[in-house]
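*Asks:* Here you go, this is target-v2.cif (mmCIF, C-alpha atoms).
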data_start
#
loop_
_atom_site.label_atom_id
_atom_site.label_comp_id
_atom_site.auth_asym_id
_atom_site.auth_seq_id
_atom_site.Cartn_x
_atom_site.Cartn_y
_atom_site.Cartn_z
CA MET A 27 -85.34 -60.22 6.44
CA ALA A 28 -86.24 -57.88 3.59
CA GLU A 29 -86.94 -59.23 0.14
CA ILE A 30 -85.80 -57.47 -3.02
CA VAL A 31 -88.89 -57.64 -5.21
CA CYS A 32 -87.70 -55.58 -8.15
CA VAL A 33 -84.54 -53.94 -9.51
CA LEU A 34 -84.88 -51.27 -12.16
CA ALA A 35 -82.23 -49.15 -13.88
CA LEU A 36 -82.71 -46.21 -16.18
CA SER A 37 -80.86 -43.21 -17.50
CA HIS A 38 -81.80 -39.71 -16.39
CA ALA A 39 -80.31 -37.31 -18.91
CA PRO A 40 -81.93 -33.86 -18.65
CA GLY A 41 -83.12 -33.95 -22.24
CA LEU A 42 -85.50 -36.80 -21.40
CA THR A 43 -87.81 -34.26 -19.84
CA GLY A 44 -86.25 -30.95 -20.89
CA TRP A 45 -86.20 -31.30 -24.68
CA LEU A 46 -87.35 -34.78 -25.63
CA ASP A 47 -89.10 -33.40 -28.71
CA GLN A 48 -85.66 -32.75 -30.21
CA ALA A 49 -85.01 -36.50 -30.48
CA PRO A 50 -86.09 -38.44 -33.61
CA ALA A 51 -89.64 -39.70 -33.30
CA ASP A 52 -88.73 -43.39 -33.27
CA GLN A 53 -86.24 -42.80 -30.43
CA GLN A 54 -88.90 -40.96 -28.45
CA ARG A 55 -91.35 -43.81 -28.96
CA ARG A 56 -88.87 -46.54 -27.94
CA LEU A 57 -87.80 -44.55 -24.92
CA LEU A 58 -91.34 -43.96 -23.70
CA ASP A 59 -92.24 -47.61 -24.33
CA GLY A 60 -89.28 -48.59 -22.17
CA TYR A 61 -90.28 -46.25 -19.38
CA ARG A 62 -93.84 -47.60 -19.55
CA ALA A 63 -92.53 -51.15 -19.14
CA LEU A 64 -90.50 -50.07 -16.11
CA HIS A 65 -93.59 -48.39 -14.68
CA ASP A 66 -95.64 -51.58 -15.10
CA ALA A 67 -92.92 -53.76 -13.54
CA PHE A 68 -92.62 -51.38 -10.64
CA ARG A 69 -96.35 -51.34 -9.97
CA ALA A 70 -96.61 -55.11 -10.25
CA ALA A 71 -93.81 -55.63 -7.73
CA LYS A 72 -95.69 -53.63 -5.04
CA PRO A 73 -92.58 -52.63 -3.07
CA ASP A 74 -92.96 -51.43 0.52
CA VAL A 75 -90.02 -49.09 0.13
CA VAL A 76 -87.79 -47.87 -2.69
CA ILE A 77 -84.03 -47.43 -2.39
CA GLY A 78 -82.90 -45.03 -5.09
CA ILE A 79 -79.25 -44.82 -6.10
CA ALA A 80 -78.05 -41.85 -8.13
CA ASN A 81 -75.16 -39.48 -8.57
CA ASP A 82 -75.15 -36.16 -6.76
CA HIS A 83 -74.19 -33.79 -9.60
CA LEU A 84 -72.06 -31.83 -7.13
CA LEU A 85 -75.25 -30.41 -5.68
CA ASN A 86 -74.90 -31.48 -2.06
CA MET A 87 -71.18 -32.20 -1.92
CA PRO A 88 -68.66 -29.57 -3.04
CA VAL A 89 -65.77 -30.43 -5.35
CA ASP A 90 -63.22 -30.37 -2.55
CA ASP A 91 -65.24 -32.41 -0.08
CA THR A 92 -66.94 -35.35 -1.72
CA ALA A 93 -67.72 -38.57 0.11
CA ASP A 94 -67.79 -41.85 -1.77
CA PHE A 95 -71.38 -42.36 -0.66
CA MET A 96 -74.03 -40.21 0.92
CA ILE A 97 -77.19 -41.70 2.39
CA GLY A 98 -80.10 -39.32 2.70
CA THR A 99 -81.99 -39.73 5.93
CA ALA A 100 -84.53 -36.93 5.53
CA GLU A 101 -88.19 -37.33 6.40
CA THR A 102 -89.19 -35.76 3.11
CA TRP A 103 -87.54 -35.01 -0.22
CA GLN A 104 -88.32 -32.28 -2.65
CA GLY A 105 -87.25 -31.57 -6.15
CA PRO A 106 -86.17 -30.57 -8.64
CA ALA A 107 -83.62 -28.34 -6.96
CA PRO A 108 -84.41 -24.76 -8.11
CA TRP A 109 -81.22 -24.59 -10.18
CA PHE A 110 -82.32 -27.62 -12.23
CA SER A 111 -86.00 -26.71 -12.47
CA ASP A 112 -86.17 -25.00 -15.86
CA TRP A 113 -83.49 -27.28 -17.29
CA LEU A 114 -85.41 -30.45 -16.45
CA ASN A 115 -88.87 -29.02 -17.06
CA VAL A 116 -90.23 -31.17 -14.23
CA PRO A 117 -92.98 -29.82 -11.94
CA PRO A 118 -92.07 -29.47 -8.25
CA TYR A 119 -92.61 -32.63 -6.25
CA LYS A 120 -92.27 -33.83 -2.69
CA VAL A 121 -91.92 -37.45 -1.61
CA ARG A 122 -91.68 -39.12 1.78
CA GLY A 123 -88.38 -40.55 2.92
CA HIS A 124 -87.96 -43.64 5.08
CA LYS A 125 -85.78 -42.30 7.85
CA ALA A 126 -85.59 -45.50 9.89
CA LEU A 127 -84.44 -47.61 6.96
CA ALA A 128 -81.96 -44.96 5.83
CA GLU A 129 -80.45 -44.72 9.29
CA THR A 130 -80.22 -48.51 9.42
CA LEU A 131 -78.23 -48.45 6.17
CA VAL A 132 -75.91 -45.81 7.62
CA ARG A 133 -75.41 -47.73 10.87
CA GLU A 134 -74.91 -51.13 9.30
CA GLY A 135 -72.78 -49.69 6.54
CA ARG A 136 -70.41 -48.33 9.13
CA HIS A 137 -70.34 -51.62 11.00
CA ALA A 138 -69.56 -53.42 7.76
CA GLY A 139 -66.79 -50.96 6.94
CA CYS A 140 -68.52 -49.72 3.78
CA LEU A 141 -69.11 -46.19 5.03
CA SER A 142 -66.92 -43.78 6.86
CA ALA A 143 -68.23 -42.08 9.96
CA ARG A 144 -67.16 -38.71 8.68
CA PRO A 145 -69.62 -36.03 9.77
CA GLY A 146 -71.36 -34.49 6.83
CA ALA A 147 -71.25 -37.64 4.75
CA CYS A 148 -74.87 -38.33 5.58
CA CYS A 149 -77.72 -35.87 5.36
CA SER A 150 -80.39 -35.84 8.01
CA THR A 151 -82.17 -32.59 7.44
CA THR A 152 -85.84 -32.14 6.66
CA THR A 153 -85.42 -28.60 5.47
CA GLY A 154 -84.56 -29.28 1.88
CA ARG A 155 -80.86 -28.70 2.33
CA CYS A 156 -80.34 -32.11 0.79
CA ARG A 157 -82.10 -31.95 -2.49
CA SER A 158 -82.85 -34.41 -5.17
CA SER A 159 -81.56 -33.03 -8.44
CA SER A 160 -84.12 -34.75 -10.62
CA MET B 8 -59.45 -30.69 -19.38
CA GLY B 9 -60.77 -33.78 -17.66
CA ILE B 10 -61.80 -34.53 -14.10
CA ALA B 11 -58.19 -35.36 -13.25
CA ASP B 12 -57.28 -31.77 -14.12
CA THR B 13 -59.79 -30.29 -11.69
CA ASP B 14 -58.32 -27.88 -9.17
CA LYS B 15 -60.48 -28.74 -6.19
CA LYS B 16 -59.50 -25.57 -4.34
CA LEU B 17 -60.07 -23.22 -7.27
CA ALA B 18 -62.32 -20.38 -6.13
CA THR B 19 -64.56 -20.74 -9.18
CA ASN B 20 -65.44 -24.29 -8.19
CA ARG B 21 -66.68 -23.10 -4.80
CA MET B 22 -68.52 -20.17 -6.38
CA VAL B 23 -70.38 -22.25 -8.98
CA PHE B 24 -71.25 -24.86 -6.36
CA GLU B 25 -72.85 -22.19 -4.18
CA LEU B 26 -74.56 -20.30 -7.00
CA ARG B 27 -76.37 -23.52 -7.93
CA ARG B 28 -77.52 -24.17 -4.35
CA ASP B 29 -78.29 -20.73 -3.01
CA ALA B 30 -80.90 -18.56 -4.74
CA GLY B 31 -79.66 -15.51 -2.81
CA ALA B 32 -76.11 -16.01 -4.00
CA LEU B 33 -77.34 -16.39 -7.57
CA GLU B 34 -79.30 -13.17 -7.26
CA ARG B 35 -76.23 -11.34 -5.96
CA PHE B 36 -74.16 -12.75 -8.83
CA ARG B 37 -76.63 -11.37 -11.36
CA ALA B 38 -76.90 -8.00 -9.61
CA ASP B 39 -73.20 -7.54 -8.90
CA PHE B 40 -71.05 -9.68 -11.18
CA GLU B 41 -67.67 -8.12 -10.35
CA GLY B 42 -68.41 -7.93 -6.66
CA THR B 43 -69.29 -11.62 -6.58
CA LEU B 44 -66.07 -12.63 -8.32
CA THR B 45 -64.12 -10.66 -5.74
CA ALA B 46 -66.17 -11.92 -2.80
CA TYR B 47 -65.34 -15.52 -3.69
CA GLY B 48 -61.66 -14.70 -4.05
CA LEU B 49 -61.19 -15.49 -7.71
CA GLY B 50 -57.72 -14.95 -9.11
CA GLU B 51 -57.06 -12.56 -12.00
CA ALA B 52 -56.96 -15.32 -14.63
CA GLU B 53 -60.29 -16.65 -13.41
CA LYS B 54 -61.83 -13.19 -13.40
CA ALA B 55 -60.63 -12.53 -16.93
CA ALA B 56 -62.15 -15.78 -18.15
CA TRP B 57 -65.48 -14.96 -16.52
CA ARG B 58 -65.50 -11.47 -18.01
CA GLU B 59 -64.82 -12.92 -21.45
CA ARG B 60 -67.33 -15.74 -20.88
CA ASP B 61 -64.51 -18.02 -21.94
CA ILE B 62 -65.67 -21.31 -20.50
CA GLY B 63 -62.86 -23.19 -22.20
CA ALA B 64 -60.33 -21.07 -20.32
CA LEU B 65 -62.11 -21.82 -17.06
CA GLY B 66 -61.78 -25.52 -17.82
CA ARG B 67 -58.07 -25.13 -18.44
CA LEU B 68 -57.76 -23.30 -15.11
CA GLY B 69 -59.20 -26.32 -13.31
CA VAL B 70 -62.96 -25.88 -13.17
CA HIS B 71 -64.71 -29.22 -12.80
CA PRO B 72 -65.90 -30.43 -16.24
CA TYR B 73 -69.46 -30.95 -14.97
CA PHE B 74 -69.65 -27.27 -14.09
CA LEU B 75 -68.59 -26.00 -17.51
CA PRO B 76 -71.91 -26.37 -19.36
CA GLN B 77 -73.63 -25.12 -16.23
CA ILE B 78 -71.61 -21.92 -16.40
CA ALA B 79 -72.99 -21.50 -19.91
CA ARG B 80 -76.45 -21.80 -18.36
CA LEU B 81 -75.59 -19.08 -15.85
CA PHE B 82 -75.13 -16.72 -18.79
CA ARG B 83 -77.64 -18.03 -21.30
CA GLY B 84 -80.34 -19.79 -19.25
CA GLY B 85 -81.13 -23.47 -18.84
CA ALA B 86 -84.58 -23.99 -20.31
CA TYR B 87 -84.91 -26.12 -23.45
CA ASN B 88 -81.15 -26.66 -23.48
CA HIS B 89 -80.88 -28.69 -26.70
CA ASN B 90 -77.79 -28.56 -28.87
CA ARG B 91 -78.88 -25.43 -30.73
CA SER B 92 -79.87 -23.53 -27.58
CA ALA B 93 -77.98 -20.37 -26.67
CA ALA B 94 -76.33 -22.02 -23.65
CA ALA B 95 -75.24 -25.10 -25.58
CA GLN B 96 -73.88 -22.91 -28.36
CA LEU B 97 -71.81 -20.87 -25.90
CA TYR B 98 -70.41 -24.05 -24.39
CA ALA B 99 -69.66 -25.51 -27.81
CA ALA B 100 -67.97 -22.35 -29.07
CA THR B 101 -65.66 -21.87 -26.10
CA VAL B 102 -65.01 -25.43 -24.96
CA LEU B 103 -65.39 -27.70 -27.97
CA ASP B 104 -64.28 -25.31 -30.71
CA GLY B 105 -61.93 -23.24 -28.55
CA LYS B 106 -63.39 -19.97 -29.79
CA LYS B 107 -65.06 -17.21 -27.88
#
Is it possible to give me this structure as structure tokens?
*Replies:*
Amino acid sequence: MAEIVCVLALSHAPGLTGWLDQAPADQQRRLLDGYRALHDAFRAAKPDVVIGIANDHLLNMPVDDTADFMIGTAETWQGPAPWFSDWLNVPPYKVRGHKALAETLVREGRHAGCLSARPGACCSTTTGRCRSSS
Amino acid sequence: MGIADTDKKLATNRMVFELRRDAGALERFRADFEGTLTAYGLGEAEKAAWRERDIGALGRLGVHPYFLPQIARLFRGGAYNHNRSAAAQLYAATVLDGKK
């Protein structure tokens, strides 16, 4: 049985990386202090795997065909998506996925009735078709 | 002009979705603006709004609200997109203030 060792939540507005210098200095300082505390908590927890939950920004699912949930099952993930690159001002990155765990979530989610079996609701490509927006 | 007013089948919604995902489509949009509007099957009211860069009008036609500031970025760029940036100003003028 897996153990949840840490739960972190944070905002991800584009200005955090794209134009943070436009915020008042005290807000910048408090924000960065908060992120540093999250970083330290994350490192201390030493997780084996991270499950990230975010919104899709209509990047992978079109307006007329959105699933309630999409579970990415790719071997690797890359970002930012080119469209968001200059906006976010984040250097390109690539991170490993955990395909086996992701596919377990898909399978068990279906069994539990939490996920539909609709084709296209889950991404399984390694080509970058499913992109992280930030 | 909220999410509930989105016309999910509006051609502009499909076009903006694809322009953001497909670098080739974005290149074609920049090289052949009118041809791209036609290729995606935009109606005359949509085309007129695009020609006028009237993002507020696009919202009233049913473009998803999340896409509206991104349309401003299509015209004015996305880098350093703070409130006084060219893209944010275009969005503010046509959506928030209702002026072109």
*Asks:* Could you please select, counting only C-alpha atoms, the residues of chain B within 8 Å of chain A and state them as a PyMOL selection string?
*Replies:* chain B and resi 15-16+20-21+24+27-28+30+71+73+85-89
*Asks:* Could you jot down the CA of Ala71 (chain A) to CA of Asp52 (chain A) separation for me, Å, one decimal place?
*Replies:*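 Calculated distance between CA of Ala71 (chain A) and CA of Asp52 (chain A) is 28.8 Å.
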*Asks:* Determine the residue set returned by the PyMOL selection byres ((chain A and resi 29) around 12) for the present structure, and present it as a list in words.
*Replies:*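 Applying the expression gives Met27, Ala28, Ile30, Val31, Cys32, Val33, Ala71, Lys72, Pro73, Asp74, Val75 and Val76 of chain A.
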*Asks:* Okay, now the selection with C-alpha atoms, as a PDB file, keeping the file's coordinate frame?
*Replies:*
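What follows is the written file selection_30.pdb:
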ATOM      1  CA  MET A  27     -85.340 -60.220   6.440  1.00  0.00           C
ATOM      2  CA  ALA A  28     -86.240 -57.880   3.590  1.00  0.00           C
ATOM      3  CA  ILE A  30     -85.800 -57.470  -3.020  1.00  0.00           C
ATOM      4  CA  VAL A  31     -88.890 -57.640  -5.210  1.00  0.00           C
ATOM      5  CA  CYS A  32     -87.700 -55.580  -8.150  1.00  0.00           C
ATOM      6  CA  VAL A  33     -84.540 -53.940  -9.510  1.00  0.00           C
ATOM      7  CA  ALA A  71     -93.810 -55.630  -7.730  1.00  0.00           C
ATOM      8  CA  LYS A  72     -95.690 -53.630  -5.040  1.00  0.00           C
ATOM      9  CA  PRO A  73     -92.580 -52.630  -3.070  1.00  0.00           C
ATOM     10  CA  ASP A  74     -92.960 -51.430   0.520  1.00  0.00           C
ATOM     11  CA  VAL A  75     -90.020 -49.090   0.130  1.00  0.00           C
ATOM     12  CA  VAL A  76     -87.790 -47.870  -2.690  1.00  0.00           C
TER      13      VAL A  76
END
*Asks:* For CA of Met96 (chain A) and CA of Leu36 (chain A), quote the distance in Å rounded to one decimal.
*Replies:*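 Interatomic distance here is 20.1 Å.
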*Asks:* So that I can see what lies close to Arg67 (chain B), please list as a compact mmCIF listing (two decimals) with C-alpha atoms, in the coordinates of the input the residues with an atom at most 10 Å from it, counting all atoms listed in the file and leaving out residues fewer than 3 positions away in the same chain.
*Replies:*
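Resulting contents of out_2.txt:
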# COMPACT_ATOMS: atom_id res chain seq x y z
CA MET B 8 -59.45 -30.69 -19.38
CA GLY B 9 -60.77 -33.78 -17.66
CA ASP B 12 -57.28 -31.77 -14.12
CA THR B 13 -59.79 -30.29 -11.69
CA ASP B 14 -58.32 -27.88 -9.17
CA ILE B 62 -65.67 -21.31 -20.50
CA GLY B 63 -62.86 -23.19 -22.20
CA ALA B 64 -60.33 -21.07 -20.32
CA VAL B 70 -62.96 -25.88 -13.17
CA HIS B 71 -64.71 -29.22 -12.80
CA PRO B 72 -65.90 -30.43 -16.24
CA VAL B 102 -65.01 -25.43 -24.96
